[in-house]
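Reproduced below: start23.cif, with mmCIF, C-alpha atoms and all ligand atoms.
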```cif
data_coords
#
loop_
_atom_site.label_atom_id
_atom_site.label_comp_id
_atom_site.auth_asym_id
_atom_site.auth_seq_id
_atom_site.Cartn_x
_atom_site.Cartn_y
_atom_site.Cartn_z
CA MET A 2 232.52 287.54 75.07
CA LYS A 3 230.66 290.81 74.59
CA LYS A 4 227.20 289.38 75.27
CA LEU A 5 228.15 287.76 78.54
CA PRO A 6 227.08 290.42 81.04
CA ILE A 7 223.59 290.46 79.56
CA TYR A 8 223.26 286.70 79.80
CA LEU A 9 224.60 286.64 83.32
CA GLY A 10 221.59 288.66 84.43
CA GLY A 11 219.43 285.72 83.45
CA VAL A 12 221.42 283.15 85.37
CA PHE A 13 221.51 285.45 88.34
CA ALA A 14 217.73 285.80 88.35
CA THR A 15 217.31 282.02 88.23
CA LEU A 16 219.62 281.73 91.16
CA LEU A 17 217.83 284.12 93.42
CA ILE A 18 214.62 282.15 93.03
CA SER A 19 216.20 278.99 94.36
CA ALA A 20 218.26 280.69 97.05
CA THR A 21 217.81 279.61 100.67
CA ALA A 22 218.49 282.10 103.45
CA HIS A 23 221.27 281.30 105.89
CA ALA A 24 221.21 283.93 108.62
CA ALA A 25 224.06 282.52 110.75
CA CYS A 26 226.64 283.67 108.19
CA ASP A 27 225.23 287.15 107.47
CA VAL A 28 227.72 290.04 107.30
CA ASP A 29 227.48 293.73 108.18
CA LYS A 30 228.03 295.11 104.68
CA PRO A 31 226.76 294.59 101.15
CA GLY A 32 228.07 291.51 99.34
CA TYR A 33 229.72 293.60 96.62
CA GLU A 34 231.95 295.32 99.21
CA LEU A 35 233.49 292.10 100.50
CA ASN A 36 237.14 291.41 99.73
CA GLY A 37 238.47 287.90 99.09
CA ASP A 38 239.30 287.17 102.73
CA GLU A 39 235.87 288.28 103.89
CA ALA A 40 234.17 286.19 101.22
CA GLU A 41 236.29 283.24 102.32
CA SER A 42 235.12 283.75 105.93
CA VAL A 43 231.51 283.58 104.83
CA TYR A 44 232.33 280.43 102.90
CA ASP A 45 234.00 278.88 105.97
CA CYS A 46 230.84 279.58 107.92
CA LEU A 47 228.50 278.26 105.22
CA LYS A 48 230.45 275.40 103.71
CA ALA A 49 229.38 272.42 105.83
CA ASP A 50 225.69 273.32 105.58
CA LEU A 51 225.93 274.15 101.90
CA GLN A 52 227.51 270.80 101.10
CA ALA A 53 225.18 268.85 103.38
CA GLY A 54 222.22 270.50 101.64
CA TYR A 55 223.42 269.50 98.18
CA GLN A 56 223.87 265.91 99.38
CA GLU A 57 220.37 265.55 100.80
CA GLY A 58 217.78 263.27 99.18
CA PRO A 59 217.76 261.22 95.96
CA LYS A 60 219.72 262.55 93.00
CA ARG A 61 217.80 260.61 90.31
CA TRP A 62 219.69 261.11 87.00
CA ILE A 63 222.68 262.74 88.70
CA SER A 64 225.41 260.50 90.11
CA GLU A 65 225.35 260.62 93.93
CA ASP A 66 229.11 260.05 93.93
CA PHE A 67 229.56 263.23 91.92
CA VAL A 68 227.73 265.27 94.56
CA ASN A 69 229.26 263.44 97.54
CA ASP A 70 232.85 263.34 96.29
CA TYR A 71 233.55 266.77 94.78
CA PRO A 72 234.45 268.47 98.13
CA GLY A 73 237.54 266.24 98.18
CA TRP A 74 238.71 267.27 94.70
CA THR A 75 241.15 270.01 93.71
CA LYS A 76 239.84 273.47 94.49
CA ALA A 77 240.26 275.85 91.55
CA SER A 78 239.11 278.96 93.45
CA ALA A 79 241.48 280.73 95.86
CA PHE A 80 238.43 282.41 97.43
CA PRO A 81 234.74 282.68 96.50
CA ALA A 82 234.47 285.32 93.78
CA ALA A 83 231.45 286.98 92.26
CA PRO A 84 231.93 287.50 88.52
CA GLY A 85 228.72 289.55 88.26
CA PHE A 86 228.60 293.18 89.26
CA HIS A 87 225.60 293.64 91.53
CA GLY A 88 223.86 291.43 94.04
CA GLY A 89 226.96 289.35 94.59
CA ARG A 90 226.71 285.68 93.72
CA PHE A 91 229.85 283.94 94.88
CA LEU A 92 231.27 280.82 93.23
CA VAL A 93 233.67 278.10 94.37
CA THR A 94 234.89 275.59 91.80
CA TYR A 95 236.27 272.07 92.29
CA VAL A 96 237.70 269.76 89.60
CA ASN A 97 238.41 266.03 89.77
CA ALA A 98 241.83 264.38 89.32
CA ILE A 99 241.19 263.50 85.65
CA GLY A 100 240.66 267.11 84.65
CA ALA A 101 242.65 269.08 87.22
CA ASP A 102 245.94 269.41 85.30
CA GLU A 103 244.33 270.81 82.18
CA TYR A 104 241.71 272.94 83.93
CA LEU A 105 244.20 274.60 86.29
CA LYS A 106 246.20 275.89 83.33
CA TYR A 107 243.23 278.18 82.55
CA LYS A 108 244.30 278.09 78.91
CA PRO A 109 242.62 280.59 76.60
CA GLU A 110 242.69 278.20 73.61
CA ASP A 111 243.42 274.62 72.53
CA VAL A 112 241.83 273.33 75.70
CA GLN A 113 241.47 269.55 75.64
CA VAL A 114 240.22 268.26 78.95
CA PRO A 115 240.04 264.46 78.98
CA ALA A 116 236.74 262.55 78.99
CA GLY A 117 235.86 261.79 82.60
CA THR A 118 236.67 265.31 83.76
CA LYS A 119 234.12 266.45 86.32
CA ILE A 120 233.72 269.99 87.63
CA ALA A 121 231.48 271.21 90.45
CA LYS A 122 230.71 274.84 91.15
CA GLU A 123 229.08 275.79 94.43
CA SER A 124 227.24 279.08 94.71
CA PHE A 125 225.91 281.43 97.34
CA ALA A 126 224.71 285.00 97.39
CA ILE A 127 225.21 287.94 99.73
CA ASN A 128 222.71 290.70 99.12
CA ASP A 129 223.04 294.44 99.65
CA ASP A 130 222.02 294.05 103.31
CA GLY A 131 224.72 291.46 103.91
CA LYS A 132 222.21 288.61 104.06
CA VAL A 133 223.66 285.28 102.96
CA SER A 134 221.71 282.70 100.98
CA LYS A 135 222.66 279.37 99.51
CA GLY A 136 222.61 278.90 95.75
CA PRO A 137 222.57 275.84 93.48
CA LEU A 138 225.42 273.46 92.76
CA PHE A 139 226.40 273.50 89.07
CA LEU A 140 227.97 270.38 87.56
CA MET A 141 229.76 269.61 84.29
CA GLU A 142 231.05 266.26 83.09
CA LYS A 143 233.14 265.75 79.96
CA VAL A 144 231.91 262.68 78.10
CA ARG A 145 233.51 260.59 75.37
CA ALA A 146 233.98 262.47 72.07
CA GLY A 147 230.89 262.25 69.90
CA THR A 148 228.50 261.40 72.77
CA SER A 149 226.89 264.84 72.88
CA PRO A 150 228.16 266.97 69.98
CA GLU A 151 225.43 269.57 70.53
CA THR A 152 226.90 270.47 73.94
CA GLY A 153 230.58 270.07 73.06
CA ASP A 154 230.51 266.65 74.78
CA TRP A 155 229.75 268.21 78.14
CA TYR A 156 226.88 267.02 80.33
CA TYR A 157 225.41 269.77 82.50
CA MET A 158 223.52 269.22 85.76
CA MET A 159 222.20 271.36 88.57
CA VAL A 160 221.26 270.61 92.19
CA ALA A 161 219.18 272.97 94.36
CA PRO A 162 220.41 274.01 97.84
CA ASN A 163 218.01 271.42 99.34
CA GLY A 164 219.57 268.64 97.29
CA ALA A 165 216.82 268.34 94.67
CA PRO A 166 218.11 267.70 91.15
CA GLN A 167 216.87 270.48 88.86
CA ALA A 168 215.38 269.57 85.49
CA VAL A 169 216.50 272.30 83.11
CA ASN A 170 216.90 272.42 79.37
CA VAL A 171 220.66 272.12 79.51
CA VAL A 172 221.10 273.30 75.94
CA THR A 173 219.40 276.65 76.41
CA ALA A 174 220.00 277.04 80.16
CA CYS A 175 223.67 276.02 80.22
CA SER A 176 225.41 274.88 77.08
CA GLU A 177 224.58 277.75 74.75
CA CYS A 178 226.19 280.31 77.02
CA HIS A 179 229.26 278.14 77.64
CA LEU A 180 229.78 277.32 73.97
CA GLU A 181 229.00 280.77 72.67
CA ASN A 182 231.25 282.62 75.10
CA PHE A 183 233.98 280.09 75.78
CA SER A 184 234.23 277.98 72.63
CA GLU A 185 237.97 278.61 72.37
CA GLN A 186 238.39 277.48 75.98
CA GLY A 187 236.72 274.15 75.29
CA GLY A 188 233.44 275.45 76.77
CA LEU A 189 235.05 276.42 80.08
CA GLY A 190 234.42 279.79 81.77
CA TYR A 191 237.05 279.55 84.57
CA PRO A 192 236.94 281.54 87.81
CA VAL A 193 237.75 285.26 87.53
CA GLU A 194 241.52 285.79 87.26
CA ASP A 195 242.23 287.04 90.80
CA ALA A 196 240.43 284.06 92.27
CA ARG A 197 242.28 281.34 90.35
CA ILE A 198 244.46 278.83 92.17
CA ARG A 199 247.56 278.15 90.11
C1 LIG B 201 225.10 283.21 81.04
C2 LIG B 201 226.17 282.33 80.82
C3 LIG B 201 226.14 281.00 81.59
C4 LIG B 201 225.12 280.11 81.73
C5 LIG B 201 223.72 280.23 81.18
C6 LIG B 201 225.64 279.03 82.52
N1 LIG B 201 226.94 279.25 82.85
FE1 LIG B 201 228.18 277.98 83.80
N2 LIG B 201 229.66 279.39 83.77
C7 LIG B 201 229.53 280.65 83.22
C8 LIG B 201 230.70 281.44 83.58
C9 LIG B 201 230.93 282.92 83.21
C10 LIG B 201 231.55 280.60 84.32
C11 LIG B 201 232.86 280.96 84.99
C12 LIG B 201 232.46 281.76 86.21
C13 LIG B 201 233.33 281.68 87.39
O1 LIG B 201 233.63 280.56 87.86
O2 LIG B 201 233.69 282.74 87.92
C14 LIG B 201 230.86 279.32 84.41
C15 LIG B 201 231.38 278.21 85.05
C16 LIG B 201 230.71 277.00 85.20
C17 LIG B 201 231.27 275.82 85.81
C18 LIG B 201 232.73 275.67 86.27
C19 LIG B 201 233.53 275.19 85.04
C20 LIG B 201 233.96 276.32 84.13
O3 LIG B 201 233.32 276.51 83.07
O4 LIG B 201 234.94 277.00 84.46
C21 LIG B 201 230.29 274.89 85.85
C22 LIG B 201 230.40 273.50 86.42
C23 LIG B 201 229.10 275.48 85.23
N3 LIG B 201 229.40 276.76 84.84
C24 LIG B 201 227.90 274.82 85.07
C25 LIG B 201 226.77 275.41 84.50
C26 LIG B 201 225.47 274.75 84.45
C27 LIG B 201 225.16 273.36 84.97
C28 LIG B 201 224.62 275.63 83.84
C29 LIG B 201 223.15 275.46 83.56
C30 LIG B 201 222.31 275.12 84.69
C31 LIG B 201 225.40 276.83 83.53
N4 LIG B 201 226.69 276.63 83.94
C32 LIG B 201 224.89 277.93 82.90
C33 LIG B 201 228.50 281.11 82.46
C34 LIG B 201 227.28 280.47 82.31
#
```
What does the file become when written as structure tokens?
Amino acid sequence: MKKLPIYLGGVFATLLISATAHAACDVDKPGYELNGDEAESVYDCLKADLQAGYQEGPKRWISEDFVNDYPGWTKASAFPAAPGFHGGRFLVTYVNAIGADEYLKYKPEDVQVPAGTKIAKESFAINDDGKVSKGPLFLMEKVRAGTSPETGDWYYMMVAPNGAPQAVNVVTACSECHLENFSEQGGLGYPVEDARIR
């Protein structure tokens, strides 16, 4: 776990590049000063547009159902929380019916989510001036054992705020961090503790 904060800087940088401003939901304080209720208010303001953006245009190798259906799944985040320290990228996680029971236990070890589990993580940022911007949608799908041993049998996908599927090297851009930091949790990072729905 020790290396995580360093790595998170990298993900954060990637995110800012693909962020899309959304002035209507701006707030009057820096993102890092928001409490859970305030972050939830921003999310309420942003949500419909954020989700509509992800759904726009062809998804190519990503299942359209995945992107269209996840807002109806079980929400694992009580409010949008920013696990990083500065800049404030907020995350909201949804998990499908196949994986919800196991995921929502947030177990620290012996995690065995069933094949067919799908998880979607929305993101947005609120900068130090209170300006809100949309971030990518991060997706994980648990596939049948042995299908992708290199990634712990997880498929990783990413969709930009404008709906464009993002071609990334999922091993270096996603899987390595998940497996290295969360191997005992079956590759799962989980929302920060305060923000978990139980
Ligand atoms: C630097 C480490 C790191 C990298 C790189 C990374 N993630 Fe994550 N990921 C995390 C952490 C930490 C969490 C839990 C954060 C939270 O929800 O508060 C997480 C959570 C997730 C979740 C919710 C399921 C879970 O693990 O609890 C999904 C989906 C996800 N990441 C997808 C991706 C995708 C897709 C990529 C590549 C484009 C990626 N991640 C790259 C660290 C990383």
Q | segment 39-45 of chain A surroundings by all atoms listed in the file, 12 Å radius, close-in-sequence under 3 positions cut, as a count of residues only | A | 41
Q) Counting only C-alpha atoms, which of A:Pro150, A:Pro72, A:Gly188, A:Gly100 gets nearest to Lys122 of chain A? A)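 Smallest separation from Lys122 of chain A among the options: A:Pro72.
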With 7 Å as the cut-off and all atoms listed in the file counted, what is the closest atom pair between each nearby residue of chain A and ligand LIG 201 (chain B)? Distances in Å to one decimal, ordered by chain and number, as CSV.
```
residue,atom,partner,partner_atom,distance
A:Leu5,CA,B:LIG201,C1,6.0
A:Tyr8,CA,B:LIG201,C1,4.1
A:Leu9,CA,B:LIG201,C1,4.1
A:Gly11,CA,B:LIG201,C1,6.7
A:Val12,CA,B:LIG201,C5,5.6
A:Ala82,CA,B:LIG201,O2,6.5
A:Ala83,CA,B:LIG201,O2,6.5
A:Pro84,CA,B:LIG201,O2,5.1
A:Leu92,CA,B:LIG201,O1,5.9
A:Val93,CA,B:LIG201,O1,7.0
A:Thr94,CA,B:LIG201,C18,5.9
A:Ile120,CA,B:LIG201,C22,5.0
A:Ala121,CA,B:LIG201,C22,4.8
A:Lys122,CA,B:LIG201,C22,4.9
A:Phe139,CA,B:LIG201,C27,4.3
A:Leu140,CA,B:LIG201,C22,4.1
A:Met141,CA,B:LIG201,C22,4.5
A:Tyr157,CA,B:LIG201,C27,4.4
A:Met158,CA,B:LIG201,C27,4.5
A:Met159,CA,B:LIG201,C27,5.1
A:Val169,CA,B:LIG201,C30,6.6
A:Val171,CA,B:LIG201,C29,5.8
A:Ala174,CA,B:LIG201,C29,4.9
A:Cys175,CA,B:LIG201,C29,3.4
A:Ser176,CA,B:LIG201,C32,6.6
A:Glu177,CA,B:LIG201,C5,6.9
A:Cys178,CA,B:LIG201,C2,4.3
A:His179,CA,B:LIG201,C34,5.6
A:Gly188,CA,B:LIG201,O3,6.4
A:Leu189,CA,B:LIG201,O3,3.5
A:Gly190,CA,B:LIG201,O3,3.7
A:Tyr191,CA,B:LIG201,O4,3.3
A:Pro192,CA,B:LIG201,O1,3.5
A:Val193,CA,B:LIG201,O2,4.8
```
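If you measure from each of A:Asp38, A:Glu110, A:Glu142, A:Glu103 to Ala77 of chain A using only C-alpha atoms, the closest one turns out to be A:Glu103.
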Q.
So the first atom is atom CA of Val144 of chain A and the second is atom CA of Lys119 of chain A; what is the distance between them in Å, to one decimal place?
A. 9.3 Å
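Between atom CA of Phe67 of chain A and atom CA of Asn182 of chain A the interatomic distance comes to 25.7 Å.
Interatomic distance, atom CA of Val68 of chain A against atom CA of Pro115 of chain A: 19.9 Å.
Closest approach to Tyr156 of chain A among A:Ser64, A:Gln56, A:Thr75, A:Asn69: A:Ser64, based on only C-alpha atoms.
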Q | Residue among A:Thr21, A:Ser184, A:Asn128, A:Thr148 lying closest to Gly164 of chain A, counting all atoms listed in the file | A | A:Thr21
Coordinates of box centre and edge lengths for segment 119-137 of chain A, 4 Å on every side, axis-aligned, as JSON:
```
{"center_x": 227.9, "center_y": 280.4, "center_z": 95.2, "size_x": 20.4, "size_y": 36.0, "size_z": 25.7}
```
Q: Using only C-alpha atoms, pick whichever of A:Arg199, A:Ser149, A:Gln167, A:Gly187 has the shortest atom-to-atom distance to Pro59 of chain A.
A: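 Looking only at the distances to Pro59 of chain A, the closest residue turns out to be A:Gln167.
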